[in-house]
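The data block below is target.cif; it holds mmCIF, C-alpha atoms.
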```cif
data_final
#
loop_
_atom_site.label_atom_id
_atom_site.label_comp_id
_atom_site.auth_asym_id
_atom_site.auth_seq_id
_atom_site.Cartn_x
_atom_site.Cartn_y
_atom_site.Cartn_z
CA MET U 1 -5.95 -10.18 23.28
CA LYS U 2 -2.31 -9.62 22.34
CA PRO U 3 -1.86 -7.23 19.41
CA SER U 4 0.19 -8.11 16.35
CA LEU U 5 2.95 -6.17 14.60
CA LEU U 6 2.61 -5.64 10.83
CA VAL U 7 5.87 -4.63 9.15
CA LEU U 8 5.92 -2.84 5.79
CA ALA U 9 9.08 -4.35 4.31
CA ALA U 10 8.38 -4.56 0.58
CA GLY U 11 9.82 -1.18 -0.42
CA MET U 12 12.24 -0.95 -3.32
CA GLY U 13 14.88 1.09 -1.47
CA SER U 14 15.54 3.28 -4.49
CA ARG U 15 16.96 6.18 -2.45
CA TYR U 16 18.97 3.84 -0.23
CA GLY U 17 20.42 1.83 -3.09
CA GLY U 18 19.91 -1.64 -1.66
CA ILE U 19 17.78 -3.93 0.49
CA LYS U 20 17.83 -1.77 3.60
CA GLN U 21 15.28 -3.99 5.38
CA ILE U 22 18.00 -6.58 6.03
CA ASP U 23 21.13 -4.44 6.15
CA PRO U 24 23.06 -5.22 9.40
CA VAL U 25 23.48 -2.29 11.80
CA GLY U 26 23.88 -3.99 15.21
CA ALA U 27 27.01 -5.29 16.91
CA HIS U 28 26.07 -8.90 16.15
CA GLY U 29 24.66 -8.43 12.66
CA GLU U 30 21.20 -7.31 13.78
CA THR U 31 19.07 -5.30 11.38
CA LEU U 32 16.96 -2.33 12.37
CA LEU U 33 13.98 -4.68 12.21
CA ASP U 34 15.53 -6.89 14.89
CA TYR U 35 15.27 -3.95 17.29
CA SER U 36 11.68 -3.22 16.23
CA CYS U 37 10.63 -6.82 16.81
CA TYR U 38 12.47 -6.92 20.13
CA ASP U 39 10.68 -3.74 21.25
CA ALA U 40 7.32 -5.19 20.21
CA MET U 41 7.92 -8.53 21.94
CA ARG U 42 8.90 -6.99 25.27
CA ASN U 43 5.86 -4.72 25.11
CA GLY U 44 3.34 -7.54 24.86
CA TYR U 45 2.90 -8.13 21.12
CA GLY U 46 2.07 -11.73 20.33
CA LYS U 47 3.04 -12.02 16.67
CA VAL U 48 4.86 -10.24 13.85
CA ILE U 49 3.81 -10.37 10.20
CA PHE U 50 6.19 -9.06 7.54
CA ILE U 51 5.10 -7.86 4.11
CA ILE U 52 7.92 -8.49 1.63
CA ARG U 53 8.62 -8.85 -2.09
CA PRO U 54 9.07 -12.36 -3.50
CA ASP U 55 12.47 -11.46 -4.96
CA ILE U 56 14.02 -10.85 -1.52
CA GLU U 57 12.56 -13.94 0.19
CA LYS U 58 15.77 -16.00 0.29
CA ASP U 59 17.93 -13.18 1.67
CA PHE U 60 15.13 -12.09 4.01
CA ARG U 61 14.86 -15.55 5.55
CA GLU U 62 18.61 -16.04 5.90
CA ARG U 63 19.44 -12.60 7.26
CA LEU U 64 16.39 -11.84 9.42
CA PHE U 65 13.22 -13.92 9.41
CA ASP U 66 14.55 -17.29 10.58
CA ARG U 67 16.20 -15.57 13.55
CA ILE U 68 13.03 -13.70 14.49
CA ALA U 69 10.91 -16.84 14.10
CA ARG U 70 13.11 -18.66 16.64
CA ASN U 71 12.27 -16.02 19.22
CA MET U 72 8.63 -15.09 18.59
CA ASP U 73 5.63 -16.09 16.50
CA ALA U 74 6.30 -14.79 12.97
CA GLU U 75 5.17 -15.16 9.37
CA TYR U 76 5.45 -13.24 6.12
CA VAL U 77 3.23 -12.47 3.16
CA PHE U 78 4.02 -11.13 -0.29
CA GLN U 79 3.18 -7.81 -1.88
CA THR U 80 3.40 -8.00 -5.66
CA ARG U 81 2.54 -5.52 -8.36
CA GLU U 82 -0.37 -7.63 -9.59
CA ALA U 83 -1.86 -8.51 -6.20
CA LEU U 84 -5.52 -7.46 -5.76
CA LEU U 85 -5.84 -6.32 -9.42
CA THR U 86 -8.45 -7.50 -11.87
CA ALA U 87 -7.41 -8.77 -15.31
CA ARG U 88 -8.32 -5.40 -16.85
CA GLN U 89 -6.32 -3.50 -14.24
CA LYS U 90 -3.33 -5.79 -14.74
CA ALA U 91 -3.38 -5.01 -18.46
CA LEU U 92 -3.52 -1.26 -17.77
CA ALA U 93 -0.61 -1.57 -15.32
CA GLU U 94 1.65 -3.68 -17.53
CA ASN U 95 4.36 -1.00 -17.62
CA ARG U 96 4.43 -0.48 -13.86
CA GLU U 97 7.61 -1.61 -12.09
CA LYS U 98 6.81 -1.42 -8.36
CA PRO U 99 3.88 -2.19 -6.01
CA TRP U 100 1.16 0.29 -5.20
CA GLY U 101 2.05 1.83 -1.85
CA THR U 102 1.26 1.28 1.79
CA VAL U 103 -2.53 0.76 1.66
CA HIS U 104 -1.98 -1.92 -0.99
CA ALA U 105 0.70 -3.51 1.21
CA VAL U 106 -1.56 -3.68 4.26
CA LEU U 107 -4.38 -5.20 2.22
CA CYS U 108 -2.02 -7.91 0.98
CA ALA U 109 -1.78 -9.01 4.64
CA GLU U 110 -5.50 -8.80 5.45
CA LYS U 111 -6.07 -12.56 5.68
CA ALA U 112 -3.18 -12.92 8.13
CA MET U 113 -4.45 -10.30 10.58
CA LYS U 114 -6.44 -11.93 13.40
CA THR U 115 -6.06 -9.30 16.15
CA PRO U 116 -5.71 -5.51 16.49
CA PHE U 117 -2.34 -4.58 15.03
CA THR U 118 0.36 -1.94 14.87
CA ILE U 119 1.84 -1.00 11.49
CA ILE U 120 5.47 0.08 11.16
CA ASN U 121 7.92 0.89 8.39
CA ALA U 122 10.83 -1.53 8.13
CA ASP U 123 13.41 1.24 7.91
CA ASP U 124 12.31 3.47 10.81
CA TYR U 125 13.29 3.44 14.49
CA TYR U 126 10.35 4.49 16.67
CA GLY U 127 11.63 4.09 20.25
CA THR U 128 10.57 1.43 22.73
CA LYS U 129 8.04 3.69 24.51
CA ALA U 130 5.87 3.93 21.40
CA TYR U 131 5.35 0.16 21.33
CA GLY U 132 4.30 0.19 24.97
CA ILE U 133 1.82 3.03 24.43
CA LEU U 134 0.14 1.60 21.36
CA GLY U 135 0.40 -2.02 22.49
CA SER U 136 -1.44 -1.30 25.74
CA TYR U 137 -4.15 0.60 23.91
CA LEU U 138 -4.72 -2.09 21.29
CA ALA U 139 -4.82 -4.86 23.90
CA GLY U 140 -8.05 -3.31 25.20
CA LEU U 141 -9.84 -3.35 21.83
CA SER U 142 -11.92 -5.99 20.09
CA ASN U 143 -11.56 -6.79 16.39
CA SER U 144 -14.77 -4.87 15.63
CA ASP U 145 -13.84 -1.64 17.42
CA THR U 146 -13.53 1.53 15.32
CA ALA U 147 -11.46 3.50 17.85
CA HIS U 148 -8.09 3.25 16.09
CA ALA U 149 -4.89 5.05 17.14
CA MET U 150 -1.44 6.24 16.12
CA VAL U 151 1.74 7.55 17.65
CA GLY U 152 2.68 10.94 16.27
CA TYR U 153 6.10 12.56 16.21
CA ILE U 154 7.29 16.15 16.04
CA LEU U 155 8.36 16.92 12.48
CA ARG U 156 11.77 18.37 13.34
CA ASN U 157 12.59 15.13 15.22
CA THR U 158 11.99 13.10 12.05
CA MET U 159 13.98 15.00 9.45
CA SER U 160 16.98 13.57 7.61
CA PRO U 161 19.96 15.84 6.79
CA MET U 162 20.61 13.66 3.75
CA GLY U 163 17.52 14.63 1.75
CA SER U 164 13.75 14.83 1.59
CA VAL U 165 11.32 12.65 3.56
CA SER U 166 7.63 11.75 3.32
CA ARG U 167 5.46 12.53 6.32
CA GLY U 168 1.73 12.69 7.03
CA ILE U 169 0.97 16.16 8.44
CA CYS U 170 -1.69 15.85 11.15
CA THR U 171 -4.30 18.18 12.60
CA VAL U 172 -5.27 17.08 16.12
CA SER U 173 -8.26 18.16 18.22
CA GLU U 174 -7.99 19.37 21.82
CA ASP U 175 -9.16 15.97 23.06
CA GLY U 176 -6.34 14.20 21.24
CA LEU U 177 -8.25 12.83 18.25
CA LEU U 178 -7.10 13.16 14.66
CA LYS U 179 -9.06 15.71 12.65
CA SER U 180 -7.21 15.34 9.34
CA MET U 181 -3.98 14.01 7.88
CA VAL U 182 -2.37 14.57 4.49
CA GLU U 183 0.73 12.84 3.20
CA ASN U 184 3.47 15.27 2.14
CA THR U 185 5.82 13.25 -0.05
CA LYS U 186 8.76 15.66 -0.25
CA ILE U 187 9.70 17.57 2.89
CA GLU U 188 13.23 18.88 3.32
CA PHE U 189 15.38 21.60 4.87
CA ASP U 190 15.30 24.75 2.74
CA GLY U 191 18.98 25.68 3.24
CA LYS U 192 18.03 28.74 5.28
CA GLY U 193 17.26 27.08 8.60
CA GLY U 194 13.65 26.34 7.70
CA ILE U 195 11.64 23.38 6.45
CA VAL U 196 9.66 23.28 3.21
CA SER U 197 7.16 20.84 1.75
CA HIS U 198 7.05 20.60 -2.04
CA LEU U 199 3.39 20.07 -2.91
CA PRO U 200 1.81 19.72 -6.37
CA GLU U 201 0.13 23.08 -5.90
CA GLY U 202 3.35 24.79 -4.78
CA ASP U 203 5.84 24.99 -1.92
CA CYS U 204 4.64 25.33 1.67
CA SER U 205 6.79 26.44 4.62
CA LEU U 206 6.56 24.37 7.80
CA THR U 207 7.53 25.29 11.37
CA GLY U 208 8.96 21.92 12.39
CA ASP U 209 6.51 21.71 15.30
CA GLU U 210 3.85 19.89 13.28
CA VAL U 211 2.66 16.49 14.49
CA VAL U 212 3.44 13.96 11.78
CA SER U 213 2.66 10.36 11.03
CA MET U 214 5.54 7.91 10.65
CA ASN U 215 3.16 5.08 9.68
CA PHE U 216 3.06 3.99 13.34
CA PHE U 217 -0.65 3.19 13.25
CA GLY U 218 -2.80 0.97 15.42
CA PHE U 219 -5.87 -0.51 13.73
CA THR U 220 -8.41 -3.19 14.45
CA PRO U 221 -9.40 -5.58 11.63
CA ASN U 222 -12.56 -3.48 11.28
CA ALA U 223 -10.46 -0.92 9.34
CA PHE U 224 -10.03 -3.32 6.43
CA GLU U 225 -13.57 -2.65 5.24
CA TYR U 226 -12.83 1.02 4.54
CA MET U 227 -9.29 0.34 3.33
CA ASN U 228 -10.71 -1.96 0.66
CA LEU U 229 -13.16 0.70 -0.49
CA TYR U 230 -10.37 3.29 -0.56
CA TRP U 231 -8.15 0.95 -2.58
CA GLU U 232 -10.91 0.12 -5.09
CA ARG U 233 -11.50 3.83 -5.79
CA PHE U 234 -7.77 4.44 -6.11
CA ILE U 235 -6.99 1.61 -8.51
CA GLU U 236 -9.95 2.37 -10.76
CA LYS U 237 -8.57 5.87 -11.21
CA ASN U 238 -4.84 5.08 -11.31
CA ALA U 239 -4.33 1.61 -12.81
CA ALA U 240 -2.55 3.08 -15.84
CA GLU U 241 -0.40 5.50 -13.81
CA PRO U 242 3.17 4.15 -13.50
CA LYS U 243 4.08 6.02 -10.29
CA ALA U 244 0.81 6.56 -8.39
CA GLU U 245 0.81 5.22 -4.82
CA CYS U 246 -2.07 4.45 -2.47
CA LEU U 247 -0.82 5.95 0.80
CA LEU U 248 -1.83 4.91 4.31
CA PRO U 249 -1.83 8.38 5.92
CA ASN U 250 -4.32 9.65 3.35
CA CYS U 251 -6.55 6.60 3.88
CA ALA U 252 -6.35 6.91 7.67
CA GLY U 253 -7.28 10.57 7.44
CA GLU U 254 -10.27 9.68 5.30
CA ILE U 255 -11.45 7.02 7.77
CA VAL U 256 -11.74 9.87 10.27
CA THR U 257 -13.25 12.55 8.02
CA THR U 258 -15.90 10.17 6.65
CA GLY U 259 -16.99 9.08 10.12
CA ASN U 260 -15.89 5.46 9.67
CA GLY U 261 -13.72 5.53 12.78
CA THR U 262 -11.68 7.66 15.14
CA LEU U 263 -7.92 7.86 15.49
CA LYS U 264 -6.51 8.72 18.90
CA VAL U 265 -3.16 10.48 18.58
CA PHE U 266 -0.56 9.57 21.18
CA SER U 267 2.71 11.46 21.19
CA SER U 268 6.30 10.35 21.45
CA PRO U 269 9.23 12.53 22.55
CA ASP U 270 11.70 10.14 20.92
CA ARG U 271 13.87 11.33 18.09
CA TRP U 272 13.40 9.35 14.93
CA PHE U 273 16.21 7.83 12.99
CA GLY U 274 16.04 5.57 10.01
CA MET U 275 17.60 4.32 6.81
CA THR U 276 16.13 6.40 4.03
CA TYR U 277 19.52 7.09 2.44
CA ARG U 278 22.73 5.05 2.30
CA GLU U 279 24.46 7.79 4.32
CA ASP U 280 21.99 7.20 7.19
CA ARG U 281 23.45 3.76 7.95
CA GLU U 282 26.38 4.96 10.06
CA THR U 283 24.10 7.27 12.06
CA VAL U 284 21.76 4.36 12.78
CA LYS U 285 24.66 2.16 13.90
CA LYS U 286 25.93 4.91 16.21
CA ASN U 287 22.53 5.57 17.74
CA LEU U 288 21.85 1.89 18.40
CA ALA U 289 25.31 1.46 19.96
CA GLU U 290 24.59 4.41 22.26
CA LYS U 291 21.25 2.95 23.33
CA THR U 292 22.92 -0.39 24.01
CA ALA U 293 25.56 1.34 26.14
CA LEU U 294 22.76 3.02 28.12
CA GLY U 295 21.16 -0.36 28.82
CA ILE U 296 18.07 0.20 26.68
CA TYR U 297 19.04 -2.91 24.73
CA PRO U 298 21.17 -5.91 25.73
CA GLU U 299 24.51 -6.35 24.01
CA LYS U 300 23.01 -9.28 22.10
CA LEU U 301 19.29 -9.04 21.36
CA TRP U 302 18.54 -12.72 20.83
CA GLU U 303 19.92 -15.76 22.59
CA LYS U 304 19.19 -18.07 19.67
#
```

Encoded form (structure tokens):
Amino acid sequence: MKPSLLVLAAGMGSRYGGIKQIDPVGAHGETLLDYSCYDAMRNGYGKVIFIIRPDIEKDFRERLFDRIARNMDAEYVFQTREALLTARQKALAENREKPWGTVHAVLCAEKAMKTPFTIINADDYYGTKAYGILGSYLAGLSNSDTAHAMVGYILRNTMSPMGSVSRGICTVSEDGLLKSMVENTKIEFDGKGGIVSHLPEGDCSLTGDEVVSMNFFGFTPNAFEYMNLYWERFIEKNAAEPKAECLLPNCAGEIVTTGNGTLKVFSSPDRWFGMTYREDRETVKKNLAEKTALGIYPEKLWEK
């Protein structure tokens, strides 16, 4: 069974200052997502499903989706602020401006997911090896399996010099299984050569050697059962909170700690780059040009 790729592309891009999901960075107008889809396709993925906002649909189709759909099986679904909410919850959330985070996004795509799937962020470059590792693993699973997986990265290889980043800090057992994972929403360089995470309970120094989640998860459809329970608890508590987000790393960690599944942690030596901030765009363009020059990618990704 070929796995699917599920792309989280409904973010608001507030730090970037634009629709970074479809910002061209390749020599022929390719977006970062073109490279992600290309990596998935050549590593055996059978389909890509994008989660987007309704307000970017026209630009998304013109600048990315129609091109991808000519080259591989593709569809998209919408994440809206009111999706999955009851009438009472919608009334409580009337002042909220944006959707509810990554768990909410994945659940908006539940009906479209027919095979084990890999989740990625639209604005992150993961490296082609990661798709091969996770794709091969997922191809051996059935839809009912509970042995999920992820590709972890070394924290220092995922930092941005432009500002803070959000990362899921992982604790991994000796046999390579996730023991716990907690999303740290504001990690940055401390100006003294170190790395600090700003947590609600206070600042915490990090070594940079921590294994972190970049939302490169591999799940079977079995995971939706617990994700729905996690979401229902979250929204009952936070419907009136204008900025609360239901985050995938926290949910994935809870799947493990509650005994509802395991998460095998594969590792990647690749250095992350992405488009969190507007200033990151030139770095992304340079890195992709270098990889093209090395033959990792063809000069033109798609022939049509």

(request) Write out as a ChimeraX atom specification each polymer residue whose atoms come within 9 Å of U:Pro116, counting only C-alpha atoms; drop sequence neighbours fewer than 5 positions from it. (result) /U:1-5,138-139,141-143,218-222

The residue from U:Pro24, U:Asp66, U:Leu8, U:Glu110 with the smallest atom-to-atom distance to U:Phe50, counting all atoms listed in the file, is U:Leu8

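Checking U:Val48, U:Val196, U:Met181, U:Leu301 one by one against U:Met113, counting all atoms listed in the file, you find the shortest gap at U:Val48.
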
Item to complete: Determine, counting all atoms listed in the file, which protein, DNA and RNA residues have an atom within 12 Å of an atom of U:Gly191; residues of the same chain fewer than 4 positions away are not included. Present the result as an MDAnalysis selection string.
Response: chainID U and resid 161 163 195:196

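Taking all atoms listed in the file, the non-local environment of U:Val77 within 9 Å (same-chain residues fewer than 5 positions away omitted) comprises Ile49, Phe50, Ile51, Ile52, Arg53, Pro54, Cys108, Ala109 and Ala112 of chain U.
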
What separates atom CA of U:Glu57 and atom CA of U:Phe217 is a distance of 25.3 Å

- Which residue out of U:Lys264, U:His198, U:Arg271, U:Arg281 has the minimum interatomic distance to U:Thr31 when only C-alpha atoms are used?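 Smallest separation from U:Thr31 among the options: U:Arg281.
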
Min atom-atom distance to U:Ala9 from the set U:Met150, U:Leu32, U:Ile169, U:Met227, counting all atoms listed in the file, belongs to U:Leu32

| For the atom pair atom CA of U:Glu97 and atom CA of U:Leu85, what is the interatomic distance in Å to one decimal place? |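 So the two atoms, atom CA of U:Glu97 and atom CA of U:Leu85, lie 14.5 Å apart.
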
* Residue IDs satisfying the PyMOL selection byres ((chain U and resi 223) around 12), as a PyMOL selection string -> chain U and resi 103+106-107+110+113+115-117+142-149+217-222+224-230+248+251-252+254-256+259-263

Using all atoms listed in the file, the residue out of U:Val25, U:Val151, U:Ala105, U:Ala122 with shortest distance to U:Glu245 is U:Ala105

Explicit residue set for the PyMOL selection byres ((chain U and resi 157) around 10), as a compact mmCIF listing (two decimals) with C-alpha atoms, in the frame of the given file:
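Generated output (out_26.txt):
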```
# COMPACT_ATOMS: atom_id res chain seq x y z
CA TYR U 153 6.10 12.56 16.21
CA ILE U 154 7.29 16.15 16.04
CA LEU U 155 8.36 16.92 12.48
CA ARG U 156 11.77 18.37 13.34
CA THR U 158 11.99 13.10 12.05
CA MET U 159 13.98 15.00 9.45
CA SER U 160 16.98 13.57 7.61
CA GLY U 208 8.96 21.92 12.39
CA ASP U 209 6.51 21.71 15.30
CA VAL U 212 3.44 13.96 11.78
CA PRO U 269 9.23 12.53 22.55
CA ASP U 270 11.70 10.14 20.92
CA ARG U 271 13.87 11.33 18.09
CA TRP U 272 13.40 9.35 14.93
CA PHE U 273 16.21 7.83 12.99
```

To one decimal place, how far is atom CA of U:Ala69 from atom CA of U:Lys291 in Å?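 That distance, rounded to one decimal, is 24.2 Å.
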
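The nearest approach to U:Ser166 among the residues U:Thr276, U:Arg81, U:Thr258, U:Leu92, with all atoms listed in the file taken into account, belongs to U:Thr276.
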
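Polymer residues near (15.4, 13.5, -3.3): counting only C-alpha atoms with a cut-off of 9 Å, they are Arg15, Met162, Gly163, Ser164, Val165, Lys186 and Glu188 of chain U.
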
Generate the coordinates of N, CA and C atoms for stretch 175-207 of chain U; report them as a compact mmCIF listing (two decimals), in the coordinates of the input.
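rebuild.txt written:
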```
# COMPACT_ATOMS: atom_id res chain seq x y z
N ASP U 175 -9.01 17.20 22.30
CA ASP U 175 -9.16 15.97 23.06
C ASP U 175 -8.30 14.83 22.53
N GLY U 176 -7.33 15.17 21.68
CA GLY U 176 -6.34 14.20 21.24
C GLY U 176 -6.76 13.28 20.12
N LEU U 177 -7.80 13.65 19.37
CA LEU U 177 -8.25 12.83 18.25
C LEU U 177 -7.82 13.48 16.94
N LEU U 178 -7.49 12.65 15.97
CA LEU U 178 -7.10 13.16 14.66
C LEU U 178 -8.28 13.82 13.97
N LYS U 179 -8.04 15.02 13.44
CA LYS U 179 -9.06 15.71 12.65
C LYS U 179 -8.81 15.52 11.16
N SER U 180 -7.55 15.56 10.75
CA SER U 180 -7.21 15.34 9.34
C SER U 180 -5.73 14.99 9.24
N MET U 181 -5.36 14.37 8.12
CA MET U 181 -3.98 14.01 7.88
C MET U 181 -3.75 13.92 6.38
N VAL U 182 -2.69 14.57 5.92
CA VAL U 182 -2.37 14.57 4.49
C VAL U 182 -0.90 14.22 4.31
N GLU U 183 -0.64 13.24 3.47
CA GLU U 183 0.73 12.84 3.20
C GLU U 183 1.44 13.90 2.37
N ASN U 184 2.59 14.36 2.87
CA ASN U 184 3.47 15.27 2.14
C ASN U 184 4.68 14.44 1.71
N THR U 185 4.84 14.23 0.43
CA THR U 185 5.82 13.25 -0.05
C THR U 185 7.23 13.80 -0.23
N LYS U 186 7.41 15.11 -0.09
CA LYS U 186 8.76 15.66 -0.25
C LYS U 186 8.94 16.85 0.67
N ILE U 187 9.41 16.55 1.90
CA ILE U 187 9.70 17.57 2.89
C ILE U 187 11.20 17.59 3.11
N GLU U 188 11.79 18.80 3.13
CA GLU U 188 13.23 18.88 3.32
C GLU U 188 13.61 20.23 3.92
N PHE U 189 14.84 20.33 4.40
CA PHE U 189 15.38 21.60 4.87
C PHE U 189 15.56 22.53 3.67
N ASP U 190 15.26 23.82 3.87
CA ASP U 190 15.30 24.75 2.74
C ASP U 190 16.65 25.42 2.54
N GLY U 191 17.66 25.08 3.37
CA GLY U 191 18.98 25.68 3.24
C GLY U 191 19.11 27.00 3.95
N LYS U 192 18.02 27.45 4.57
CA LYS U 192 18.03 28.74 5.28
C LYS U 192 17.60 28.57 6.74
N GLY U 193 17.66 27.34 7.23
CA GLY U 193 17.26 27.08 8.60
C GLY U 193 15.80 26.72 8.75
N GLY U 194 15.07 26.68 7.66
CA GLY U 194 13.65 26.34 7.70
C GLY U 194 13.37 24.99 7.07
N ILE U 195 12.09 24.65 7.02
CA ILE U 195 11.64 23.38 6.45
C ILE U 195 10.56 23.68 5.42
N VAL U 196 10.63 23.03 4.28
CA VAL U 196 9.66 23.28 3.21
C VAL U 196 9.10 21.96 2.71
N SER U 197 7.80 21.98 2.37
CA SER U 197 7.16 20.84 1.75
C SER U 197 6.84 21.21 0.31
N HIS U 198 7.31 20.37 -0.62
CA HIS U 198 7.05 20.60 -2.04
C HIS U 198 5.76 19.88 -2.42
N LEU U 199 4.70 20.62 -2.58
CA LEU U 199 3.39 20.07 -2.91
C LEU U 199 3.07 20.30 -4.38
N PRO U 200 2.17 19.52 -4.96
CA PRO U 200 1.81 19.72 -6.37
C PRO U 200 1.32 21.12 -6.66
N GLU U 201 0.65 21.73 -5.69
CA GLU U 201 0.13 23.08 -5.90
C GLU U 201 1.12 24.18 -5.56
N GLY U 202 2.33 23.80 -5.10
CA GLY U 202 3.35 24.79 -4.78
C GLY U 202 4.02 24.50 -3.45
N ASP U 203 5.11 25.20 -3.16
CA ASP U 203 5.84 24.99 -1.92
C ASP U 203 5.11 25.57 -0.73
N CYS U 204 5.27 24.89 0.44
CA CYS U 204 4.64 25.33 1.67
C CYS U 204 5.68 25.29 2.79
N SER U 205 5.84 26.40 3.51
CA SER U 205 6.79 26.44 4.62
C SER U 205 6.18 25.78 5.86
N LEU U 206 6.99 25.04 6.59
CA LEU U 206 6.56 24.37 7.80
C LEU U 206 7.39 24.85 8.99
N THR U 207 6.83 24.79 10.19
CA THR U 207 7.53 25.29 11.37
C THR U 207 8.47 24.26 11.97
```
